[in-house]
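Visitor: There's a structure below that I have some questions on.
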Amino acid sequence: MQTIDFLKNFTPLHTLTEEHLARLGKRIVVEDILKDAAICREGDTDNDAIYLLAGGVEMRSRTSSMSRILQAGTPDAGFPLSPGRPRPYTVTATTAARIFRIDNAMLERAVLLDEVSTTITHIHDAGSAFAGDNVWLEEMLASSAFSNLARERVAMLLLKLEPIIVKAGEAVIRQGETGDYYYILKDGELTVARKDSQGKVKLVSKLKRGDVFGEEALLTGDPRNASIVAMRDSIVMRLTSADFEALLKKPLITHVTVEEAQERMRQGAGLLDVRSAAEFKQGSIKGSVNVPIDELRTRLTQLDPGHPYVIYCRNGVQSEVAAFLMRQREFEVVVLRNGLESLRRS
C-alpha cells in the first residue's frame, strides 16, 4: 500500500482533507490476520479503531446467540469493527484477513482539526502566526492541558486564541500586574523570574513550546506573582480572562459539598490539603495529605494520577488553582466548595 487513497473508503476518514489524511496515514498500523484468529475480544478496553481491509470476520457477543458476518469491501465494512470501550463483540477472522488500526484519540483529533482549521484560517489573517498551522494545533490537542476538554469547547477555544509575537527581551507578563490573559507558548523560549521582598530577582524556570502559563492570577484574582520574559523571538497564544473562565475553568473544575466529598472518600478518594505547611500543622482534616499550592507543580510526581482526590484549602480559592493544574495533567479531582469554611457552616 504505497498510497493512502484506500483510507477514503472508511468512516470518518473519508471526511478528512488530503493534508490531514496524509498525516493520519503515517500512523496507521496494518496487520495480516490468520483464519480463526481473534482480532479483538468482547470486553477489551483498548482505544484502537480497527478497520477491515481484506477478508472476512465474524462478530459475536456473549449476551446473544446471534452472530454477524462481515466482508471487506461492503458498505458495512467502512465502519470500525466492534467500536466502543469496552468492546461489545469478539471479532474473529473467518478467512485470512488484513486490518488496520489507529488510536481513536488520534483519529478524533484529526477529525476535529479538519473541522476547525479551515474556519481558523478564514478568521485569522492568512499571514498570521496561527493560520493553517496544523502541526502546532495537533500538538496542542494532544497535550494533557487540553485533552480532557469536550470536543465543542476545544473547537471554541481554538477560535478564541489570539497569536502575539514577543521580541527577545520583551515581557509577556510582569510581576505585580493584574491578570488579564491565559497563555500558551506556541514557539520560542521564555524565562520565569520572581523578585523577592529585598528586590532580588531569581530565575524560577524556563518555558518551552506547548507550556501554558498565567492561569494562577486568573483563578485567584491576585496580582501576577512572577515576570515572564522572552529569551528569543517567540510566539504566544493568548485567551482573555472571560474566555478562560467559560472555556477552561468551568469545564475543568468540579465543586462538591461536604456530604459529596465524604461519599467520594468512602469510595476511596484521597484528601489533599493545599494550604501552607504551617496552616496544615495548626489543624487539618483527618487523613488528609499536605501539598502546599506553591509546591504542587514540583511534587505532582509524588501523587498517583490513577487515584481520585478531593482537594481543600481554607476557602476554596487555592483548591481551584490546584484542581486546574491537576486536571490539566489528567488527574481525577474535585474541589470542596468553600474549603474548610464549609465545615464551619455545616
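If you're wondering about the labels, chains in the C-alpha cells are A, B, ... by order shown, residues count from 1 in each chain, ligands from 1 in order shown.
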Set the distance at 8 Å and use only C-alpha atoms: which residues neighbour segment 314-322 of chain A once local chain neighbours fewer than 4 positions away are removed? I'd like the list as number ranges by chain.

Guide: A: 215-216, 219-220, 253, 274-275, 293, 296, 326, 335-342

Visitor: Residues within 8 Å of Ile173 of chain A, please, as a PyMOL selection string. Count only C-alpha atoms; anything in the same chain fewer than 3 positions from it doesn't count.

Guide: chain A and resi 177+224+226-229

Visitor: Kindly give the distance, in Å, that separates atom CA of Glu170 of chain A and atom CA of Lys200 of chain A, rounded to a single decimal.

Guide: 19.4 Å

Visitor: Go ahead and compute the interatomic distance for atom CA of Pro88 of chain A and atom CA of Thr74 of chain A, in Å to one decimal.

Guide: 21.1 Å

Visitor: Name the residues of segment 217-337 of chain A that come out as strand (DSSP E or B) in a backbone DSSP run; write them as an MDAnalysis selection string.

Guide: chainID A and resid 227:230 234:240 255:256 270:273 289:290 309:312 333:336

Visitor: Output C-alpha atoms for every residue in that selection, as an mmCIF file, in the first residue's frame.

Guide:
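This went into again-v4.cif:
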data_model
loop_
_atom_site.group_PDB
_atom_site.id
_atom_site.type_symbol
_atom_site.label_atom_id
_atom_site.label_comp_id
_atom_site.auth_asym_id
_atom_site.auth_seq_id
_atom_site.Cartn_x
_atom_site.Cartn_y
_atom_site.Cartn_z
ATOM 1 C CA SER A 227 7.532 38.065 35.334
ATOM 2 C CA ILE A 228 7.861 36.080 32.117
ATOM 3 C CA VAL A 229 10.302 37.360 29.502
ATOM 4 C CA ALA A 230 11.183 36.123 26.005
ATOM 5 C CA SER A 234 8.719 33.923 20.444
ATOM 6 C CA ILE A 235 5.049 33.440 19.651
ATOM 7 C CA VAL A 236 2.424 33.045 22.350
ATOM 8 C CA MET A 237 -1.285 32.346 22.015
ATOM 9 C CA ARG A 238 -3.484 34.165 24.500
ATOM 10 C CA LEU A 239 -7.031 33.766 25.767
ATOM 11 C CA THR A 240 -8.958 36.548 27.528
ATOM 12 C CA HIS A 255 -17.121 21.505 43.178
ATOM 13 C CA VAL A 256 -18.658 19.168 45.748
ATOM 14 C CA GLY A 270 -7.733 10.701 48.750
ATOM 15 C CA LEU A 271 -7.925 14.027 50.569
ATOM 16 C CA LEU A 272 -5.447 16.719 49.552
ATOM 17 C CA ASP A 273 -4.824 19.844 51.646
ATOM 18 C CA VAL A 289 -2.124 14.829 52.813
ATOM 19 C CA ASN A 290 -0.495 18.257 52.682
ATOM 20 C CA TYR A 309 -8.648 13.216 45.068
ATOM 21 C CA VAL A 310 -10.809 15.688 46.973
ATOM 22 C CA ILE A 311 -8.910 18.987 47.309
ATOM 23 C CA TYR A 312 -9.466 21.529 50.045
ATOM 24 C CA VAL A 333 -10.029 15.695 41.205
ATOM 25 C CA VAL A 334 -12.898 17.652 42.757
ATOM 26 C CA VAL A 335 -12.852 20.741 44.998
ATOM 27 C CA LEU A 336 -14.547 21.018 48.393
#

Visitor: Which residues of segment 161-233 of chain A have any atom within 12 Å of an atom in segment 138-145 of chain A when counting only C-alpha atoms, and what is the closest pair of atoms for each, with the distance in Å to one decimal? Order the rows by chain and rising number and write it as JSON lines.

Guide:
{"residue": "A:Leu161", "atom": "CA", "partner": "A:Met140", "partner_atom": "CA", "distance": 12.0}
{"residue": "A:Tyr183", "atom": "CA", "partner": "A:Ala145", "partner_atom": "CA", "distance": 11.8}
{"residue": "A:Ile184", "atom": "CA", "partner": "A:Met140", "partner_atom": "CA", "distance": 9.0}
{"residue": "A:Leu185", "atom": "CA", "partner": "A:Met140", "partner_atom": "CA", "distance": 10.1}
{"residue": "A:Lys186", "atom": "CA", "partner": "A:Met140", "partner_atom": "CA", "distance": 8.9}
{"residue": "A:Asp187", "atom": "CA", "partner": "A:Met140", "partner_atom": "CA", "distance": 11.8}
{"residue": "A:Arg209", "atom": "CA", "partner": "A:Met140", "partner_atom": "CA", "distance": 9.7}
{"residue": "A:Gly210", "atom": "CA", "partner": "A:Met140", "partner_atom": "CA", "distance": 6.6}
{"residue": "A:Asp211", "atom": "CA", "partner": "A:Ala145", "partner_atom": "CA", "distance": 8.7}
{"residue": "A:Val212", "atom": "CA", "partner": "A:Ala145", "partner_atom": "CA", "distance": 7.9}
{"residue": "A:Phe213", "atom": "CA", "partner": "A:Ala145", "partner_atom": "CA", "distance": 10.8}
{"residue": "A:Glu215", "atom": "CA", "partner": "A:Ala145", "partner_atom": "CA", "distance": 11.7}

Visitor: Suppose we keep N, CA and C atoms; can you now write the selection as a PDB file, in the first residue's frame?

Guide:
ATOM      1  N   LEU A 161      -8.401  31.791  20.525  1.00  0.00           N
ATOM      2  CA  LEU A 161      -6.989  32.085  20.768  1.00  0.00           C
ATOM      3  C   LEU A 161      -6.458  33.158  19.815  1.00  0.00           C
ATOM      4  N   TYR A 183      -2.086  32.070  28.716  1.00  0.00           N
ATOM      5  CA  TYR A 183      -1.168  31.968  27.594  1.00  0.00           C
ATOM      6  C   TYR A 183      -0.730  30.528  27.308  1.00  0.00           C
ATOM      7  N   ILE A 184      -0.416  30.297  26.036  1.00  0.00           N
ATOM      8  CA  ILE A 184       0.210  29.049  25.593  1.00  0.00           C
ATOM      9  C   ILE A 184       1.424  29.444  24.753  1.00  0.00           C
ATOM     10  N   LEU A 185       2.574  28.873  25.068  1.00  0.00           N
ATOM     11  CA  LEU A 185       3.766  29.171  24.275  1.00  0.00           C
ATOM     12  C   LEU A 185       3.740  28.327  23.007  1.00  0.00           C
ATOM     13  N   LYS A 186       3.576  28.986  21.879  1.00  0.00           N
ATOM     14  CA  LYS A 186       3.492  28.303  20.590  1.00  0.00           C
ATOM     15  C   LYS A 186       4.874  28.011  20.016  1.00  0.00           C
ATOM     16  N   ASP A 187       5.771  28.968  20.160  1.00  0.00           N
ATOM     17  CA  ASP A 187       7.122  28.776  19.618  1.00  0.00           C
ATOM     18  C   ASP A 187       8.067  29.733  20.326  1.00  0.00           C
ATOM     19  N   ARG A 209       8.039  25.246  24.159  1.00  0.00           N
ATOM     20  CA  ARG A 209       6.902  25.098  23.245  1.00  0.00           C
ATOM     21  C   ARG A 209       5.827  24.201  23.861  1.00  0.00           C
ATOM     22  N   GLY A 210       4.602  24.694  23.881  1.00  0.00           N
ATOM     23  CA  GLY A 210       3.481  23.931  24.389  1.00  0.00           C
ATOM     24  C   GLY A 210       3.148  24.189  25.840  1.00  0.00           C
ATOM     25  N   ASP A 211       4.046  24.828  26.597  1.00  0.00           N
ATOM     26  CA  ASP A 211       3.773  25.117  28.004  1.00  0.00           C
ATOM     27  C   ASP A 211       2.684  26.183  28.124  1.00  0.00           C
ATOM     28  N   VAL A 212       1.897  26.082  29.196  1.00  0.00           N
ATOM     29  CA  VAL A 212       0.838  27.057  29.464  1.00  0.00           C
ATOM     30  C   VAL A 212       1.207  27.845  30.719  1.00  0.00           C
ATOM     31  N   PHE A 213       0.725  29.079  30.814  1.00  0.00           N
ATOM     32  CA  PHE A 213       1.034  29.904  31.979  1.00  0.00           C
ATOM     33  C   PHE A 213       0.022  31.034  32.092  1.00  0.00           C
ATOM     34  N   GLU A 215      -2.391  31.154  34.473  1.00  0.00           N
ATOM     35  CA  GLU A 215      -3.694  30.753  34.998  1.00  0.00           C
ATOM     36  C   GLU A 215      -3.907  31.137  36.463  1.00  0.00           C
TER      37      GLU A 215
END

Visitor: Under the rule that only C-alpha atoms are counted, which of A:His14, A:Ile99, A:Gly43, A:Leu343 is the nearest residue to Gly56 of chain A?

Guide: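 So, comparing all the options, the nearest one is A:Ile99.
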
Visitor: From the set A:Ala155, A:Leu53, A:Leu107, A:Val201, which residue has the shortest atom-to-atom contact distance to Ala77 of chain A, counting only C-alpha atoms?

Guide: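 Checking each of A:Ala155, A:Leu53, A:Leu107, A:Val201 against Ala77 of chain A, counting only C-alpha atoms, the winner is A:Leu53.
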
Visitor: In Å, rounded to a single decimal, give me how far atom CA of Asn225 of chain A is from atom CA of Glu245 of chain A.

Guide: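 We find that atom CA of Glu245 of chain A and atom CA of Asn225 of chain A lie 19.6 Å from each other.
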
Visitor: Using DSSP on the backbone coordinates, identify the residues of segment 35-186 of chain A assigned to helix (DSSP H, G or I); present them as a VMD selection string.

Guide: chain A and resid 75 to 78 104 to 123 134 to 142 151 to 160

Visitor: Rank A:Pro80, A:Gly214, A:Gly169, A:Gly55 by their smallest atom-to-atom distance to Phe324 of chain A, using only C-alpha atoms, and report the top residue only.

Guide: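 Distance minimum relative to Phe324 of chain A lands on A:Gly214.
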
Visitor: Can you tell me which residues surround Ala22 of chain A at a distance of at most 8 Å, considering only C-alpha atoms, apart from same-chain residues fewer than 4 positions away, and format the answer as a list in words?

Guide: Ile4, Glu18 and Lys26 of chain A
